[in-house]
Structure formats: structure tokens, C-alpha cells
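File shown: query_32.pdb (PDB, C-alpha atoms, pLDDT in the B column).
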ATOM      1  CA  MET Q  27     -33.617 -40.918 137.183  1.00 61.00           C
ATOM      2  CA  ALA Q  28     -35.244 -42.687 134.255  1.00 68.00           C
ATOM      3  CA  GLU Q  29     -33.139 -43.579 131.265  1.00 75.00           C
ATOM      4  CA  PRO Q  30     -34.154 -41.972 127.987  1.00 76.00           C
ATOM      5  CA  LYS Q  31     -36.030 -44.301 125.677  1.00 80.00           C
ATOM      6  CA  ARG Q  32     -33.945 -45.525 122.799  1.00 80.00           C
ATOM      7  CA  LYS Q  33     -35.534 -45.328 119.430  1.00 77.00           C
ATOM      8  CA  PRO Q  34     -35.725 -48.891 118.002  1.00 74.00           C
ATOM      9  CA  ALA Q  35     -34.114 -49.573 114.654  1.00 69.00           C
ATOM     10  CA  PRO Q  36     -36.516 -49.672 111.729  1.00 78.00           C
ATOM     11  CA  ARG Q  37     -37.754 -53.155 110.901  1.00 82.00           C
ATOM     12  CA  TRP Q  38     -36.418 -52.951 107.366  1.00 86.00           C
ATOM     13  CA  VAL Q  39     -32.754 -52.652 108.457  1.00 88.00           C
ATOM     14  CA  PRO Q  40     -32.232 -56.305 109.498  1.00 89.00           C
ATOM     15  CA  ARG Q  41     -34.293 -57.374 106.509  1.00 91.00           C
ATOM     16  CA  LEU Q  42     -32.046 -55.358 104.202  1.00 93.00           C
ATOM     17  CA  ILE Q  43     -28.894 -56.790 105.805  1.00 94.00           C
ATOM     18  CA  ARG Q  44     -30.165 -60.366 105.355  1.00 93.00           C
ATOM     19  CA  THR Q  45     -31.093 -59.601 101.745  1.00 95.00           C
ATOM     20  CA  VAL Q  46     -27.674 -58.164 100.895  1.00 96.00           C
ATOM     21  CA  ILE Q  47     -25.887 -61.120 102.488  1.00 97.00           C
ATOM     22  CA  THR Q  48     -28.128 -63.581 100.624  1.00 96.00           C
ATOM     23  CA  THR Q  49     -27.522 -61.783  97.335  1.00 97.00           C
ATOM     24  CA  VAL Q  50     -23.736 -61.826  97.724  1.00 98.00           C
ATOM     25  CA  VAL Q  51     -23.607 -65.471  98.792  1.00 98.00           C
ATOM     26  CA  THR Q  52     -25.907 -66.495  95.923  1.00 97.00           C
ATOM     27  CA  ALA Q  53     -23.766 -64.615  93.399  1.00 97.00           C
ATOM     28  CA  PHE Q  54     -20.608 -66.231  94.767  1.00 98.00           C
ATOM     29  CA  ALA Q  55     -22.108 -69.740  94.661  1.00 98.00           C
ATOM     30  CA  ALA Q  56     -23.458 -69.205  91.137  1.00 98.00           C
ATOM     31  CA  ALA Q  57     -20.077 -67.908  89.940  1.00 97.00           C
ATOM     32  CA  ILE Q  58     -18.275 -70.966  91.331  1.00 98.00           C
ATOM     33  CA  ALA Q  59     -20.844 -73.355  89.827  1.00 98.00           C
ATOM     34  CA  LEU Q  60     -20.672 -71.644  86.429  1.00 97.00           C
ATOM     35  CA  ALA Q  61     -16.861 -71.658  86.478  1.00 97.00           C
ATOM     36  CA  VAL Q  62     -16.888 -75.411  87.073  1.00 98.00           C
ATOM     37  CA  LEU Q  63     -19.492 -75.857  84.320  1.00 97.00           C
ATOM     38  CA  ASP Q  64     -17.396 -73.748  81.942  1.00 97.00           C
ATOM     39  CA  LEU Q  65     -14.299 -75.834  82.686  1.00 97.00           C
ATOM     40  CA  TYR Q  66     -16.288 -78.985  81.996  1.00 97.00           C
ATOM     41  CA  LEU Q  67     -17.745 -77.681  78.744  1.00 96.00           C
ATOM     42  CA  THR Q  68     -14.482 -76.313  77.341  1.00 97.00           C
ATOM     43  CA  GLY Q  69     -12.640 -79.459  78.397  1.00 97.00           C
ATOM     44  CA  HIS Q  70     -15.050 -81.519  76.312  1.00 97.00           C
ATOM     45  CA  GLY Q  71     -14.751 -79.360  73.213  1.00 96.00           C
ATOM     46  CA  HIS Q  72     -17.870 -77.226  73.631  1.00 96.00           C
ATOM     47  CA  PRO Q  73     -17.812 -73.423  73.356  1.00 95.00           C
ATOM     48  CA  SER Q  74     -17.234 -71.443  76.535  1.00 95.00           C
ATOM     49  CA  ILE Q  75     -20.148 -69.817  78.336  1.00 95.00           C
ATOM     50  CA  ALA Q  76     -17.774 -66.994  79.287  1.00 93.00           C
ATOM     51  CA  ARG Q  77     -17.596 -65.589  75.747  1.00 92.00           C
ATOM     52  CA  ALA Q  78     -19.175 -62.178  75.144  1.00 91.00           C
ATOM     53  CA  TRP Q  79     -22.851 -62.714  74.388  1.00 92.00           C
ATOM     54  CA  ILE Q  80     -24.346 -59.257  74.836  1.00 92.00           C
ATOM     55  CA  ALA Q  81     -22.056 -56.534  73.535  1.00 93.00           C
ATOM     56  CA  TRP Q  82     -22.728 -52.815  73.501  1.00 92.00           C
ATOM     57  CA  PRO Q  83     -19.259 -51.334  72.963  1.00 92.00           C
ATOM     58  CA  ALA Q  84     -20.476 -47.729  72.907  1.00 95.00           C
ATOM     59  CA  VAL Q  85     -21.219 -47.896  76.626  1.00 93.00           C
ATOM     60  CA  GLY Q  86     -18.644 -50.546  77.544  1.00 92.00           C
ATOM     61  CA  VAL Q  87     -21.044 -53.442  78.141  1.00 92.00           C
ATOM     62  CA  HIS Q  88     -19.753 -56.945  77.378  1.00 93.00           C
ATOM     63  CA  LEU Q  89     -21.748 -59.673  79.127  1.00 95.00           C
ATOM     64  CA  SER Q  90     -21.348 -63.406  78.731  1.00 96.00           C
ATOM     65  CA  ARG Q  91     -23.996 -66.024  79.338  1.00 96.00           C
ATOM     66  CA  ALA Q  92     -22.312 -66.772  82.653  1.00 96.00           C
ATOM     67  CA  ASP Q  93     -22.490 -63.097  83.664  1.00 96.00           C
ATOM     68  CA  VAL Q  94     -26.193 -62.964  82.882  1.00 97.00           C
ATOM     69  CA  LEU Q  95     -26.854 -66.178  84.830  1.00 97.00           C
ATOM     70  CA  VAL Q  96     -24.941 -64.862  87.865  1.00 97.00           C
ATOM     71  CA  LEU Q  97     -26.918 -61.618  87.780  1.00 96.00           C
ATOM     72  CA  LEU Q  98     -30.220 -63.491  87.475  1.00 97.00           C
ATOM     73  CA  ALA Q  99     -29.319 -65.883  90.303  1.00 97.00           C
ATOM     74  CA  ALA Q 100     -28.180 -63.086  92.617  1.00 97.00           C
ATOM     75  CA  GLY Q 101     -31.201 -60.922  91.824  1.00 97.00           C
ATOM     76  CA  GLY Q 102     -33.567 -63.842  92.257  1.00 97.00           C
ATOM     77  CA  GLY Q 103     -32.004 -64.874  95.559  1.00 96.00           C
ATOM     78  CA  GLY Q 104     -32.147 -61.319  96.873  1.00 95.00           C
ATOM     79  CA  PHE Q 105     -35.747 -60.884  95.739  1.00 96.00           C
ATOM     80  CA  LEU Q 106     -36.846 -64.137  97.361  1.00 95.00           C
ATOM     81  CA  GLN Q 107     -35.095 -63.249 100.607  1.00 94.00           C
ATOM     82  CA  TRP Q 108     -36.696 -59.784 100.647  1.00 92.00           C
ATOM     83  CA  ARG Q 109     -40.156 -61.273 100.066  1.00 92.00           C
ATOM     84  CA  ARG Q 110     -39.531 -63.953 102.701  1.00 89.00           C
ATOM     85  CA  GLY Q 111     -38.528 -61.265 105.186  1.00 80.00           C
ATOM     86  CA  ALA Q 112     -41.889 -59.547 104.725  1.00 74.00           C
ATOM     87  CA  THR Q 113     -43.739 -62.576 106.086  1.00 71.00           C
ATOM     88  CA  ARG Q 114     -41.541 -63.066 109.150  1.00 61.00           C
ATOM     89  CA  PRO Q 115     -42.893 -61.897 112.511  1.00 56.00           C
TER      90      PRO Q 115
END

What's the C-alpha cells form of this structure?
Amino acid sequence: MAEPKRKPAPRWVPRLIRTVITTVVTAFAAAIALAVLDLYLTGHGHPSIARAWIAWPAVGVHLSRADVLVLLAAGGGGFLQWRRGATRP
């Protein structure tokens, strides 16, 4: 008796998993690096990069420069991984 053919997983599933993992790891690394940079800057008398920079109190948005940099790094890392996954065999 022949076994039923299993439907293969879509090709985008492993690509999506790799992209999510890359995004999370990039955000974590950027957060650690920016925390160390903030400690250095505040320890030498410079203003903190963790102060609110973009504030929209009506909707509860308060983003610092560090928050924006973490979001840009994570988004950029995820985008690059997604694009890189498109060229893989």
C-alpha cells in the first residue's frame, strides 16, 4: 500500500522563521550596544539618548533616540534577511 504524499511546507515558512529570529537577535544586540553607549555618554556628562525624543501623548507614544535606533536596526536586519532569503536556492 502506497503512503499518501505529504504536502511540502511552503517555501516562505523557513524564510519567515529565519527573518523573525534575525530581527529579534538584531534588536537585542542593538539594545545592549545602545545601553552601553548611554552609560558611557551619561557617565561623561553628556545627555542621555534614552530621553523622550518623539512624544505624542494623545496616543501614548514616547520614543527616545535609542528606541528609534533599535527599531531601525531590527527592521533593517529583518528586511535584509528577508531579501537574502529570496536569493537562496

* **Of the listed residues Q:Gly71, Q:Pro34, Q:Gly86, Q:Gly104, that which approaches Val46 of chain Q most closely, counting only C-alpha atoms** => Q:Gly104

* To do: Give me the residues within 10 Å of Leu97 of chain Q as a PyMOL selection string, counting all atoms listed in the file and dropping any in the same chain fewer than 6 places off.
  => chain Q and resi 49+52-53+56-57+91+103

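Take atom CA of Val94 of chain Q and atom CA of His72 of chain Q: the distance between them is 18.9 Å.
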
Let me know the residues the PyMOL selection byres ((chain Q and resi 42) around 12) catches in the file above, as a short mmCIF file (atom, residue, chain, number, x, y, z; two decimals) with C-alpha atoms, keeping the file's coordinate frame.
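part_1.cif was written with the following content:
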data_model
loop_
_atom_site.label_atom_id
_atom_site.label_comp_id
_atom_site.auth_asym_id
_atom_site.auth_seq_id
_atom_site.Cartn_x
_atom_site.Cartn_y
_atom_site.Cartn_z
CA PRO Q 36 -36.52 -49.67 111.73
CA ARG Q 37 -37.75 -53.16 110.90
CA TRP Q 38 -36.42 -52.95 107.37
CA VAL Q 39 -32.75 -52.65 108.46
CA PRO Q 40 -32.23 -56.30 109.50
CA ARG Q 41 -34.29 -57.37 106.51
CA ILE Q 43 -28.89 -56.79 105.80
CA ARG Q 44 -30.16 -60.37 105.36
CA THR Q 45 -31.09 -59.60 101.74
CA VAL Q 46 -27.67 -58.16 100.90
CA ILE Q 47 -25.89 -61.12 102.49
CA THR Q 48 -28.13 -63.58 100.62
CA THR Q 49 -27.52 -61.78 97.34
CA GLY Q 104 -32.15 -61.32 96.87
CA PHE Q 105 -35.75 -60.88 95.74
CA GLN Q 107 -35.10 -63.25 100.61
CA TRP Q 108 -36.70 -59.78 100.65
CA ARG Q 109 -40.16 -61.27 100.07
CA ARG Q 110 -39.53 -63.95 102.70
CA GLY Q 111 -38.53 -61.26 105.19
CA ALA Q 112 -41.89 -59.55 104.72
#

* Structure fact -> From atom CA of Ala55 of chain Q to atom CA of Leu95 of chain Q the spacing works out at 11.5 Å

Where does the PyMOL selection byres ((chain Q and resi 64) around 9) land in this file, that is, which residues does it pick, as a CSV table (one decimal) with C-alpha atoms, in the frame of the given file?
chain,number,residue,atom,x,y,z
Q,59,ALA,CA,-20.8,-73.4,89.8
Q,60,LEU,CA,-20.7,-71.6,86.4
Q,61,ALA,CA,-16.9,-71.7,86.5
Q,62,VAL,CA,-16.9,-75.4,87.1
Q,63,LEU,CA,-19.5,-75.9,84.3
Q,65,LEU,CA,-14.3,-75.8,82.7
Q,66,TYR,CA,-16.3,-79.0,82.0
Q,67,LEU,CA,-17.7,-77.7,78.7
Q,68,THR,CA,-14.5,-76.3,77.3
Q,69,GLY,CA,-12.6,-79.5,78.4
Q,73,PRO,CA,-17.8,-73.4,73.4
Q,74,SER,CA,-17.2,-71.4,76.5
Q,75,ILE,CA,-20.1,-69.8,78.3
Q,76,ALA,CA,-17.8,-67.0,79.3
Q,92,ALA,CA,-22.3,-66.8,82.7

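Put simply, atom CA of Arg77 of chain Q is 14.2 Å away from atom CA of Val96 of chain Q.
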
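Once the PyMOL selection byres ((chain Q and resi 89) around 6) is applied to the depicted file, the selected set reads Q:Ala78, Q:Trp79, Q:Ile80, Q:His88, Q:Ser90, Q:Asp93.
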
I'd like the box whose edges run along x, y and z of the file and which contains every listed atom of segment 78-88 of chain Q, padded by 6 Å per side; could you state its centre and edge lengths in Å, one decimal, as lines of an AutoDock Vina configuration file?
center_x = -21.5
center_y = -55.2
center_z = 75.5
size_x = 17.7
size_y = 27.0
size_z = 17.2

Could you give me segment 65-84 of chain Q completed to N, CA and C atoms, formatted as a compact mmCIF listing (two decimals), in the coordinates of the input?
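Wrote it out as selection-v4.txt, contents follow:
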# COMPACT_ATOMS: atom_id res chain seq x y z
N LEU Q 65 -15.47 -74.95 82.81
CA LEU Q 65 -14.30 -75.83 82.69
C LEU Q 65 -14.69 -77.18 82.09
N TYR Q 66 -15.80 -77.71 82.53
CA TYR Q 66 -16.29 -78.98 82.00
C TYR Q 66 -16.60 -78.87 80.50
N LEU Q 67 -17.35 -77.83 80.14
CA LEU Q 67 -17.74 -77.68 78.74
C LEU Q 67 -16.54 -77.46 77.83
N THR Q 68 -15.64 -76.57 78.20
CA THR Q 68 -14.48 -76.31 77.34
C THR Q 68 -13.55 -77.51 77.31
N GLY Q 69 -13.48 -78.26 78.38
CA GLY Q 69 -12.64 -79.46 78.40
C GLY Q 69 -13.16 -80.55 77.49
N HIS Q 70 -14.45 -80.52 77.19
CA HIS Q 70 -15.05 -81.52 76.31
C HIS Q 70 -15.33 -80.97 74.92
N GLY Q 71 -14.69 -79.88 74.57
CA GLY Q 71 -14.75 -79.36 73.21
C GLY Q 71 -15.95 -78.49 72.89
N HIS Q 72 -16.73 -78.11 73.87
CA HIS Q 72 -17.87 -77.23 73.63
C HIS Q 72 -17.43 -75.77 73.78
N PRO Q 73 -18.18 -74.84 73.19
CA PRO Q 73 -17.81 -73.42 73.36
C PRO Q 73 -17.99 -72.95 74.80
N SER Q 74 -17.20 -71.98 75.17
CA SER Q 74 -17.23 -71.44 76.54
C SER Q 74 -18.49 -70.61 76.77
N ILE Q 75 -19.02 -70.67 77.99
CA ILE Q 75 -20.15 -69.82 78.34
C ILE Q 75 -19.66 -68.46 78.83
N ALA Q 76 -18.35 -68.26 78.83
CA ALA Q 76 -17.77 -66.99 79.29
C ALA Q 76 -17.44 -66.06 78.12
N ARG Q 77 -17.80 -66.47 76.89
CA ARG Q 77 -17.60 -65.59 75.75
C ARG Q 77 -18.61 -64.46 75.78
N ALA Q 78 -18.25 -63.31 75.19
CA ALA Q 78 -19.18 -62.18 75.14
C ALA Q 78 -20.43 -62.58 74.37
N TRP Q 79 -21.57 -62.34 74.97
CA TRP Q 79 -22.85 -62.71 74.39
C TRP Q 79 -23.69 -61.47 74.10
N ILE Q 80 -23.68 -60.54 75.02
CA ILE Q 80 -24.35 -59.26 74.84
C ILE Q 80 -23.24 -58.20 74.80
N ALA Q 81 -23.11 -57.53 73.67
CA ALA Q 81 -22.06 -56.53 73.54
C ALA Q 81 -22.66 -55.21 73.08
N TRP Q 82 -22.32 -54.18 73.83
CA TRP Q 82 -22.73 -52.82 73.50
C TRP Q 82 -21.49 -51.96 73.73
N PRO Q 83 -20.55 -51.98 72.77
CA PRO Q 83 -19.26 -51.33 72.96
C PRO Q 83 -19.34 -49.84 73.22
N ALA Q 84 -20.38 -49.18 72.74
CA ALA Q 84 -20.48 -47.73 72.91
C ALA Q 84 -20.55 -47.33 74.38
